[in-house]
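As provided, run-v8.txt (compact mmCIF, C-alpha atoms) reads as follows.
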```txt
# COMPACT_ATOMS: atom_id res chain seq x y z
CA MET A 33 82.52 132.25 88.43
CA GLY A 34 80.46 133.76 85.58
CA LYS A 35 81.47 132.24 82.28
CA LEU A 36 84.11 129.91 83.69
CA MET A 37 82.52 126.69 84.97
CA LEU A 38 85.55 124.39 85.18
CA PHE A 39 89.31 124.95 85.11
CA GLU A 40 91.48 122.09 86.36
CA ILE A 41 94.66 120.08 85.79
CA SER A 42 94.69 116.28 85.69
CA PHE A 43 97.63 113.92 85.40
CA ASP A 44 98.18 110.50 83.92
CA PRO A 45 98.41 108.48 86.13
CA SER A 46 95.71 110.05 88.27
CA LYS A 47 97.74 109.75 91.51
CA ALA A 48 100.28 112.13 89.95
CA VAL A 49 103.42 110.27 91.04
CA PHE A 50 106.39 110.39 88.65
CA ILE A 51 109.89 108.97 88.78
CA ALA A 52 112.74 111.45 88.22
CA GLY A 53 113.86 111.32 84.58
CA THR A 54 110.46 110.20 83.23
CA ILE A 55 107.80 112.12 81.29
CA VAL A 56 104.97 113.95 83.05
CA ARG A 57 101.75 113.80 81.07
CA GLY A 58 98.54 115.62 81.83
CA THR A 59 95.59 117.62 80.59
CA VAL A 60 94.18 121.05 81.29
CA LYS A 61 90.38 120.97 81.24
CA LEU A 62 88.37 124.11 80.71
CA GLU A 63 84.57 124.48 80.52
CA LEU A 64 82.82 127.73 79.57
CA ARG A 65 79.18 128.71 79.92
CA ASP A 66 79.59 131.36 77.19
CA ALA A 67 82.36 132.45 74.86
CA MET A 68 85.26 134.12 76.69
CA LYS A 69 87.79 136.55 75.28
CA MET A 70 91.38 135.68 76.14
CA ARG A 71 94.87 136.17 74.81
CA ALA A 72 96.09 132.67 75.61
CA VAL A 73 95.99 129.62 77.84
CA ARG A 74 99.47 129.10 79.25
CA MET A 75 101.14 126.48 81.41
CA THR A 76 104.02 126.77 83.87
CA CYS A 77 105.65 123.78 85.59
CA LEU A 78 108.14 124.33 88.40
CA GLY A 79 110.34 122.34 90.75
CA ARG A 80 111.62 124.25 93.76
CA ALA A 81 113.02 123.87 97.27
CA TYR A 82 112.39 126.51 99.92
CA VAL A 83 113.40 126.79 103.59
CA HIS A 84 112.37 129.36 106.19
CA TRP A 85 112.58 129.74 109.94
CA SER A 86 112.92 132.52 112.52
CA GLU A 87 115.23 132.89 115.51
CA VAL A 88 115.39 135.41 118.34
CA GLU A 89 118.96 136.73 118.46
CA ASN A 90 121.02 139.13 120.54
CA VAL A 91 121.87 142.17 118.38
CA GLY A 92 123.82 144.24 120.91
CA HIS A 93 123.19 146.60 123.81
CA ARG A 94 121.56 150.00 124.07
CA GLY A 95 121.23 152.06 127.24
CA GLY A 96 122.68 149.27 129.32
CA ARG A 97 120.08 146.81 128.12
CA GLN A 98 120.46 143.83 125.85
CA ARG A 99 118.64 144.13 122.52
CA VAL A 100 117.08 141.13 120.82
CA GLU A 101 115.17 140.85 117.59
CA THR A 102 113.59 138.16 115.43
CA VAL A 103 115.75 137.24 112.45
CA ASP A 104 114.32 135.38 109.46
CA TYR A 105 116.42 132.85 107.55
CA THR A 106 115.33 131.82 104.07
CA ALA A 107 116.83 130.10 101.05
CA ASP A 108 115.50 128.60 97.84
CA GLU A 109 116.70 126.75 94.78
CA ASP A 110 114.98 125.93 91.48
CA TYR A 111 115.30 122.56 89.74
CA PHE A 112 113.38 123.38 86.58
CA GLN A 113 110.90 125.85 85.14
CA PHE A 114 109.00 125.01 81.97
CA ARG A 115 106.71 127.51 80.27
CA PHE A 116 104.62 126.81 77.19
CA GLN A 117 101.43 127.95 75.51
CA LEU A 118 98.49 125.58 75.20
CA TRP A 119 96.20 127.85 73.16
CA PRO A 120 96.16 129.30 70.57
CA LYS A 121 98.60 127.24 68.53
CA GLU A 122 101.49 128.97 66.80
CA ASN A 123 99.83 128.80 63.37
CA ALA A 124 96.42 130.01 64.58
CA PRO A 125 94.98 133.15 62.90
CA GLU A 126 95.42 136.42 64.77
CA GLU A 127 91.64 136.89 65.12
CA ALA A 128 91.43 133.72 67.26
CA ASN A 129 91.11 135.63 70.53
CA SER A 130 88.21 133.83 72.21
CA LEU A 131 87.08 130.35 73.15
CA GLY A 132 83.52 129.25 72.55
CA PRO A 133 81.17 127.71 75.13
CA GLY A 134 81.55 124.07 76.07
CA GLN A 135 84.43 121.83 77.16
CA HIS A 136 88.01 122.26 75.99
CA THR A 137 90.97 119.97 76.74
CA PHE A 138 94.64 120.81 76.26
CA PRO A 139 97.12 117.94 76.71
CA PHE A 140 100.69 118.65 77.81
CA GLN A 141 103.86 116.76 78.64
CA LEU A 142 107.34 117.54 79.93
CA GLN A 143 110.56 115.63 80.53
CA LEU A 144 111.75 115.59 84.13
CA PRO A 145 115.49 115.88 84.86
CA THR A 146 117.09 112.71 86.19
CA ASP A 147 118.80 114.22 89.25
CA LEU A 148 115.75 115.61 91.08
CA PRO A 149 115.35 115.24 94.86
CA PRO A 150 112.14 113.66 96.18
CA SER A 151 109.03 115.64 97.01
CA PHE A 152 109.13 116.61 100.67
CA GLU A 153 107.05 118.73 103.07
CA GLY A 154 108.70 119.55 106.40
CA ALA A 155 108.19 121.97 109.28
CA TYR A 156 110.78 124.47 107.98
CA GLY A 157 110.83 123.85 104.24
CA TYR A 158 109.69 121.87 101.28
CA ILE A 159 110.76 120.31 98.00
CA ARG A 160 107.75 120.80 95.77
CA TYR A 161 106.76 120.27 92.15
CA TRP A 162 103.65 121.78 90.64
CA ALA A 163 101.87 122.77 87.43
CA LYS A 164 99.93 126.02 87.01
CA ALA A 165 97.68 126.92 84.08
CA THR A 166 96.64 130.51 83.35
CA ILE A 167 93.86 132.06 81.27
CA ASP A 168 95.37 135.35 80.09
CA LYS A 169 92.45 137.78 79.80
CA PRO A 170 92.74 141.27 78.28
CA TRP A 171 92.05 144.10 80.71
CA LYS A 172 90.73 141.73 83.39
CA PHE A 173 92.02 139.50 86.15
CA ASP A 174 93.61 136.32 84.89
CA HIS A 175 92.27 132.94 86.00
CA HIS A 176 94.69 130.34 87.40
CA THR A 177 94.48 126.70 88.36
CA LYS A 178 97.23 124.88 90.21
CA ARG A 179 98.07 121.33 91.20
CA ALA A 180 101.15 119.73 92.76
CA PHE A 181 102.57 116.33 91.85
CA THR A 182 105.00 113.94 93.51
CA VAL A 183 108.49 113.24 92.18
CA ILE A 184 110.48 110.27 93.51
CA PRO A 185 114.07 109.49 92.49
CA ASN A 186 115.31 105.93 92.43
CA LEU A 187 117.33 104.84 95.44
CA ASP A 188 118.26 101.24 94.65
CA LEU A 189 119.18 99.17 97.70
CA ASN A 190 121.17 96.86 95.43
CA GLN A 191 123.56 99.76 94.73
CA GLU A 192 124.02 100.86 98.36
CA PRO A 193 127.12 99.38 100.04
CA GLY A 194 126.68 97.50 103.28
CA VAL A 195 122.88 97.72 103.56
CA SER A 196 122.42 93.95 103.50
CA GLU A 197 124.56 93.64 106.63
CA PRO A 198 122.99 93.60 110.13
CA ILE A 199 123.20 96.21 112.85
CA GLN A 200 124.74 94.76 116.04
CA TYR A 201 125.30 96.34 119.45
CA ARG A 202 125.71 95.44 123.12
CA GLY A 203 125.95 97.79 126.11
CA GLU A 204 126.05 97.45 129.91
CA LEU A 205 125.49 99.78 132.90
CA ARG A 206 125.89 99.48 136.65
CA THR A 207 123.08 100.85 138.79
CA GLY A 208 122.95 102.37 142.25
CA CYS A 209 123.45 105.64 144.10
CA CYS A 210 126.90 107.07 144.79
CA CYS A 211 128.92 104.39 146.58
CA LEU A 212 126.01 101.93 146.94
CA PRO A 213 125.89 99.89 143.73
CA SER A 214 122.77 97.75 143.32
CA GLY A 215 123.69 95.59 140.36
CA ARG A 216 123.88 95.96 136.60
CA PHE A 217 121.80 95.56 133.48
CA SER A 218 122.77 95.11 129.85
CA GLY A 219 121.11 95.06 126.45
CA SER A 220 122.03 93.78 123.01
CA ILE A 221 120.26 94.21 119.69
CA THR A 222 120.61 92.75 116.22
CA THR A 223 118.66 93.61 113.05
CA ASN A 224 118.19 91.57 109.90
CA ARG A 225 119.92 94.25 107.77
CA LYS A 226 120.42 98.02 107.33
CA GLY A 227 118.50 98.72 104.11
CA PHE A 228 114.72 98.67 103.68
CA VAL A 229 111.91 99.88 101.45
CA PRO A 230 108.57 101.17 102.81
CA GLY A 231 106.35 98.19 103.56
CA SER A 232 109.22 95.89 104.54
CA GLU A 233 109.94 94.93 108.13
CA ILE A 234 112.91 95.59 110.37
CA GLY A 235 113.55 92.30 112.13
CA LEU A 236 114.68 92.99 115.71
CA LEU A 237 116.18 90.62 118.24
CA SER A 238 117.19 91.92 121.64
CA GLN A 239 118.46 90.28 124.82
CA ILE A 240 118.11 92.12 128.14
CA GLU A 241 120.04 90.88 131.17
CA ASN A 242 118.64 92.41 134.36
CA HIS A 243 120.92 91.79 137.32
CA SER A 244 119.79 94.91 139.17
CA GLY A 245 117.48 95.30 142.13
CA SER A 246 114.49 96.62 140.12
CA THR A 247 112.66 96.05 136.88
CA CYS A 248 114.01 97.28 133.51
CA TRP A 249 112.54 98.46 130.23
CA ALA A 250 113.70 98.42 126.59
CA GLU A 251 112.71 100.54 123.60
CA VAL A 252 113.49 100.72 119.89
CA ASN A 253 112.70 103.88 117.90
CA LEU A 254 112.89 104.60 114.19
CA LYS A 255 113.64 108.31 113.91
CA MET A 256 113.95 110.79 111.06
CA HIS A 257 116.38 113.72 111.35
CA ILE A 258 116.10 116.63 108.88
CA THR A 259 118.61 119.47 108.62
CA TYR A 260 117.57 122.72 106.90
CA LEU A 261 120.30 125.01 105.55
CA ALA A 262 120.23 128.75 104.80
CA GLY A 263 123.66 130.21 104.19
CA ARG A 264 125.82 129.38 107.21
CA LYS A 265 122.84 128.78 109.48
CA PHE A 266 120.99 125.52 109.97
CA LYS A 267 117.86 124.26 111.70
CA GLN A 268 117.10 120.69 112.74
CA GLU A 269 113.85 118.78 112.95
CA LYS A 270 113.53 115.38 114.59
CA LYS A 271 110.58 113.03 114.29
CA VAL A 272 109.84 109.59 115.70
CA VAL A 273 108.50 107.42 112.89
CA SER A 274 107.74 104.26 114.86
CA THR A 275 108.32 102.79 118.33
CA VAL A 276 108.23 99.35 119.94
CA CYS A 277 108.90 98.79 123.63
CA LYS A 278 108.94 96.28 126.47
CA GLU A 279 108.26 97.27 130.08
CA MET A 280 108.62 95.63 133.49
CA ILE A 281 111.45 93.24 132.64
CA PRO A 282 111.84 91.29 135.93
CA ARG A 283 114.98 91.56 138.02
CA GLY A 284 117.35 88.66 138.04
CA LYS A 285 116.21 87.48 134.61
CA THR A 286 117.53 87.34 131.06
CA TYR A 287 114.83 88.44 128.65
CA THR A 288 114.89 87.62 124.92
CA TRP A 289 112.71 89.90 122.82
CA LYS A 290 111.82 89.37 119.17
CA GLU A 291 109.94 92.08 117.31
CA LYS A 292 109.14 93.38 113.83
CA MET A 293 108.80 97.03 112.85
CA ARG A 294 107.16 97.77 109.53
CA ILE A 295 108.40 100.77 107.52
CA PRO A 296 105.55 103.19 106.65
CA PRO A 297 105.46 105.28 103.45
CA LEU A 298 108.50 107.59 103.70
CA PRO A 299 110.72 109.68 101.41
CA PRO A 300 114.01 107.98 100.51
CA SER A 301 117.07 108.66 102.64
CA HIS A 302 119.24 111.79 102.36
CA LEU A 303 117.02 113.91 100.00
CA LYS A 304 119.83 113.58 97.48
CA GLY A 305 119.89 116.39 94.92
CA CYS A 306 118.76 119.09 97.36
CA LYS A 307 121.36 121.53 98.75
CA LEU A 308 119.01 123.06 101.33
CA MET A 309 117.79 119.94 103.16
CA LYS A 310 119.37 116.70 104.28
CA SER A 311 117.67 113.75 105.95
CA GLN A 312 118.74 110.64 107.82
CA TYR A 313 116.92 107.69 109.37
CA LEU A 314 118.25 106.37 112.67
CA LEU A 315 117.40 103.22 114.60
CA GLN A 316 117.69 103.96 118.32
CA PHE A 317 117.98 101.26 121.01
CA ARG A 318 117.50 102.14 124.70
CA VAL A 319 117.52 100.11 127.90
CA GLY A 320 116.85 101.67 131.31
CA SER A 321 116.17 100.77 134.91
CA ASP A 322 113.01 101.61 136.86
CA ALA A 323 115.05 102.24 140.00
CA ARG A 324 114.49 105.70 141.50
CA CYS A 325 118.18 106.52 141.73
CA SER A 326 119.07 105.32 138.22
CA TRP A 327 119.04 107.92 135.46
CA ASP A 328 121.58 106.49 133.02
CA GLU A 329 120.53 104.34 130.08
CA VAL A 330 122.11 101.96 127.64
CA GLU A 331 121.64 103.88 124.40
CA PHE A 332 122.74 103.26 120.82
CA GLU A 333 121.92 104.73 117.40
CA ASP A 334 122.83 103.64 113.89
CA GLU A 335 121.69 104.76 110.46
CA ILE A 336 119.40 102.68 108.29
CA ILE A 337 118.76 103.38 104.61
CA ILE A 338 115.24 103.77 103.22
CA GLY A 339 115.25 103.12 99.48
CA THR A 340 112.70 102.97 96.69
CA LEU A 341 113.89 99.85 94.86
CA PRO A 342 114.11 96.65 96.93
CA PHE A 343 116.68 93.91 96.82
CA THR A 344 116.44 91.81 93.67
CA ASN A 345 119.21 89.39 94.56
CA LYS A 346 119.10 87.04 97.51
CA ALA A 347 121.07 89.21 99.88
CA PRO A 348 122.17 87.62 103.14
CA LEU A 349 119.42 88.37 105.65
CA THR A 350 120.61 86.16 108.50
CA ALA A 351 122.44 88.07 111.21
CA VAL A 352 124.34 86.52 114.09
CA ALA A 353 125.01 88.49 117.28
CA ARG A 354 127.18 87.02 120.00
CA VAL A 355 126.06 88.45 123.30
CA GLN A 356 129.02 87.09 125.26
CA PRO A 357 131.59 84.46 124.33
CA SER A 358 130.11 82.15 126.95
CA GLN A 359 126.47 82.92 126.23
CA THR A 360 123.96 81.68 123.70
CA THR A 361 124.26 83.00 120.16
CA LEU A 362 121.31 85.10 118.94
CA THR A 363 120.20 84.69 115.34
CA VAL A 364 117.79 86.90 113.44
CA ALA A 365 116.20 84.78 110.79
CA PRO A 366 114.72 86.42 107.70
CA PRO A 367 110.94 86.88 107.67
CA GLU A 368 109.06 83.90 106.26
CA LYS A 369 108.08 85.78 103.13
CA GLU A 370 110.04 88.87 102.20
CA ILE A 371 108.36 91.46 100.01
CA GLU A 372 111.42 92.18 97.92
CA ASN A 373 110.02 90.29 94.93
CA SER A 374 106.35 91.25 95.41
CA GLY A 375 106.12 93.41 92.27
CA LYS A 376 105.26 97.07 91.83
CA PRO A 377 104.51 99.25 94.85
CA SER A 378 101.43 101.28 95.56
CA TYR A 379 101.83 104.96 96.44
CA GLU A 380 100.58 106.15 99.82
CA GLU A 381 100.53 109.31 101.91
CA CYS A 382 103.26 109.95 104.45
CA VAL A 383 101.60 110.34 107.84
CA LEU A 384 104.57 112.20 109.36
CA PHE A 385 103.85 115.59 107.84
CA GLY A 386 100.16 115.70 106.93
CA ARG A 387 98.54 117.81 104.24
CA VAL A 388 99.74 121.29 103.30
CA ASN A 389 98.31 124.25 101.43
CA ILE A 390 100.46 124.93 98.34
CA LYS A 391 99.12 128.45 97.77
CA ASP A 392 102.04 130.90 97.82
CA LYS A 393 102.76 134.61 97.34
CA ASP A 394 102.35 134.36 93.56
CA ASP A 395 98.79 133.03 93.87
CA THR A 396 95.69 135.18 94.14
CA GLU A 397 92.01 134.82 95.05
CA HIS A 398 91.49 133.81 91.42
CA THR A 399 93.73 130.74 91.79
CA LEU A 400 91.70 127.52 91.63
CA GLY A 401 92.66 123.86 91.64
CA GLU A 402 93.77 121.27 94.20
CA LEU A 403 95.60 123.50 96.65
CA ILE A 404 95.77 120.94 99.48
CA PHE A 405 98.57 118.46 98.87
CA THR A 406 100.58 115.70 100.47
CA PRO A 407 103.34 113.73 98.74
CA LEU A 408 102.85 110.04 98.01
CA TYR A 409 105.65 107.51 98.48
CA ALA A 410 106.25 103.96 97.34
CA PHE A 411 104.84 101.27 99.64
CA TYR A 412 105.42 97.58 98.99
CA SER A 413 102.42 95.71 100.35
CA PRO A 414 103.42 92.68 102.41
CA ARG A 415 102.10 89.26 101.51
CA THR A 416 101.58 88.24 105.11
CA PRO A 417 100.25 90.19 108.12
CA ILE A 418 102.60 91.48 110.78
CA ARG A 419 103.19 88.99 113.56
CA ARG A 420 103.28 90.21 117.11
CA GLY A 421 106.63 90.25 118.86
CA SER A 422 107.56 87.24 120.94
CA SER A 423 109.64 86.94 124.07
CA CYS A 424 110.99 84.45 126.59
CA LEU A 425 112.57 84.52 130.02
CA GLU A 426 115.55 82.56 131.18
```

Target format structure tokens, applied to this file:
Amino acid sequence: MGKLMLFEISFDPSKAVFIAGTIVRGTVKLELRDAMKMRAVRMTCLGRAYVHWSEVENVGHRGGRQRVETVDYTADEDYFQFRFQLWPKENAPEEANSLGPGQHTFPFQLQLPTDLPPSFEGAYGYIRYWAKATIDKPWKFDHHTKRAFTVIPNLDLNQEPGVSEPIQYRGELRTGCCCLPSGRFSGSITTNRKGFVPGSEIGLLSQIENHSGSTCWAEVNLKMHITYLAGRKFKQEKKVVSTVCKEMIPRGKTYTWKEKMRIPPLPPSHLKGCKLMKSQYLLQFRVGSDARCSWDEVEFEDEIIIGTLPFTNKAPLTAVARVQPSQTTLTVAPPEKEIENSGKPSYEECVLFGRVNIKDKDDTEHTLGELIFTPLYAFYSPRTPIRRGSSCLE
């Protein structure tokens, strides 16, 4: 490194998580072994979305043969770009063209727009915010340091219509091969509500009626669907966030299954504010038979909303699902201690996407800093541990 011993960006707070519309504060730290000539120390802060994927497409025929080629689809949009000079100050003398040995700190701050989408790192695109400081050196390669930070907009569950209401569904299928029916099975599910924050629990209550000749199984999945857009083309990515299941439900029995599914750290629903990416969380319920000749399933999906601000009022959390007019009524009671009033969240990594390298085409071998990044999302720590699911047979 020669004269340059340290060149880094730090944020306040140190986890570098900021709410859209607030002020980003930080410091550029620079340590020199000897005096270094430079024109300036500059800072650039950017917010940008970018999508890219490739597809193999038919592009016509030549010589009686079909021609295919790989076509790239890309799109980007900028949310902000701030540029300012940290050193020298505007009123500094013209001869101030070098920094002496030792440590130097340059504080900075910027106001974030209020309508920013959340930080996001997906398989075919990202929504990313970062700061990059540059030492502008005369007649030599410039030095750069770069660090990303997380931006989270507010998605208030109290402002979302219908999210305090439960999800309810019941489906039934007959089993058997061709003209030899072997019975039927059915499944119903009820949740405590439709809106959640990371750290809260989806309360699940399901009733499986197995009147077939073999065992059945039931499964509930929380899934995330992302759609990437580039012009008139689109690309979809689907991920399973969490799964709970029950196997070997005996034949001739009615099985009542109670379960809880905790929401991990996740970006808020819809990626609102981004025109290139859209997201949706779906709760999927499936019931199937283990019979060899049965391939059909009872299947149902409905959207749930993942927010960043929990319920502050006492929203109705008790859901009632009538399985059949003549059958027992199922009731999902609220968890003993909800986390909605548990105070401020912590900020945790999203395990769905892992860590990414934020070095891009504008960076060089002289770019330093924290180039490995993963967004952090709000997580409301529960006051009580997760209880295992319970069940009973009738």

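When only C-alpha atoms are used to measure the gap to Tyr412 of chain A, the shortest distance among A:Gln135, A:Ser232, A:Gln316, A:Asn129 belongs to A:Ser232.
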
Contacts of Leu298 of chain A at 8 Å or less, counting all atoms listed in the file, minus same-chain residues fewer than 6 places along, as a count of residues only? 5

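Relative to atom CA of Gly79 of chain A, atom CA of Asp395 of chain A is found at 16.0 Å.
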
Can you pull out every residue within 12 Å of Gly58 of chain A, counting all atoms listed in the file, but drop anything in the same chain fewer than 5 positions away, and send it as an MDAnalysis selection string? chainID A and resid 40:50 75 77 118 137:142 162:165 179:181

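Considering only C-alpha atoms, the residue among A:Ile281, A:Leu303, A:Ile221, A:Val100 positioned nearest to Asp334 of chain A is A:Ile221.
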
State, in Å with one decimal place, the distance from atom CA of Glu204 of chain A to atom CA of Lys270 of chain A. 26.7 Å

Near Pro300 of chain A, within 12 Å and counting only C-alpha atoms, which residues show up once chain neighbours fewer than 5 positions away are dropped, as number ranges by chain? A: 149-152, 183-189, 227-230, 256, 295, 305, 310-313, 336-342, 382, 408-411

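What separates atom CA of Lys121 of chain A from atom CA of Gly53 of chain A is a distance of 27.3 Å.
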
List the spatial neighbours of Tyr158 of chain A as a PyMOL selection string - criterion: any atom at most 12 Å away, only C-alpha atoms, same-chain residues fewer than 3 positions off excluded. chain A and resi 79-84+106-110+149-155+161+258-261+303+306-310+385+388-390+405-407

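Distance check against Gln143 of chain A using all atoms listed in the file: of A:Val195, A:Val103, A:Val56, A:Ile159, the minimum falls on A:Val56.
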
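Residues in contact with Ser86 of chain A at up to 8 Å, not including ones fewer than 3 positions away on its chain and judged by only C-alpha atoms, are Thr102, Val103, Asp104 and Tyr105 of chain A.
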
Among A:Asn253, A:Thr182, A:Thr177, A:Thr76, Ala52 of chain A is approached most closely, using all atoms listed in the file, by A:Thr182

Each residue of segment 156-268 of chain A lying at most 12 Å from segment 87-90 of chain A should get a row with its shortest atom-to-atom pair and the distance in Å to one decimal, counting all atoms listed in the file; could you produce that, ordered by chain and increasing number, as CSV?
```
residue,atom,partner,partner_atom,distance
A:Lys265,CA,A:Glu87,CA,10.5
A:Phe266,CA,A:Glu87,CA,10.9
A:Lys267,CA,A:Glu87,CA,9.8
```

With C-alpha atoms retained, could you export that selection as an mmCIF file, keeping the file's coordinate frame?
```cif
data_model
loop_
_atom_site.group_PDB
_atom_site.id
_atom_site.type_symbol
_atom_site.label_atom_id
_atom_site.label_comp_id
_atom_site.auth_asym_id
_atom_site.auth_seq_id
_atom_site.Cartn_x
_atom_site.Cartn_y
_atom_site.Cartn_z
ATOM 1 C CA LYS A 265 122.840 128.780 109.480
ATOM 2 C CA PHE A 266 120.990 125.520 109.970
ATOM 3 C CA LYS A 267 117.860 124.260 111.700
#
```

Nearest residue to Ser244 of chain A from the set A:Ala262, A:Leu36, A:Val273, A:Ala323 (distances using all atoms listed in the file): A:Ala323

Mind listing whatever residues come within 7 Å of the point (86.9, 123.1, 82.8)? Use only C-alpha atoms, file coordinates, and give them as a PyMOL selection string. chain A and resi 37-40+61-64+135-136
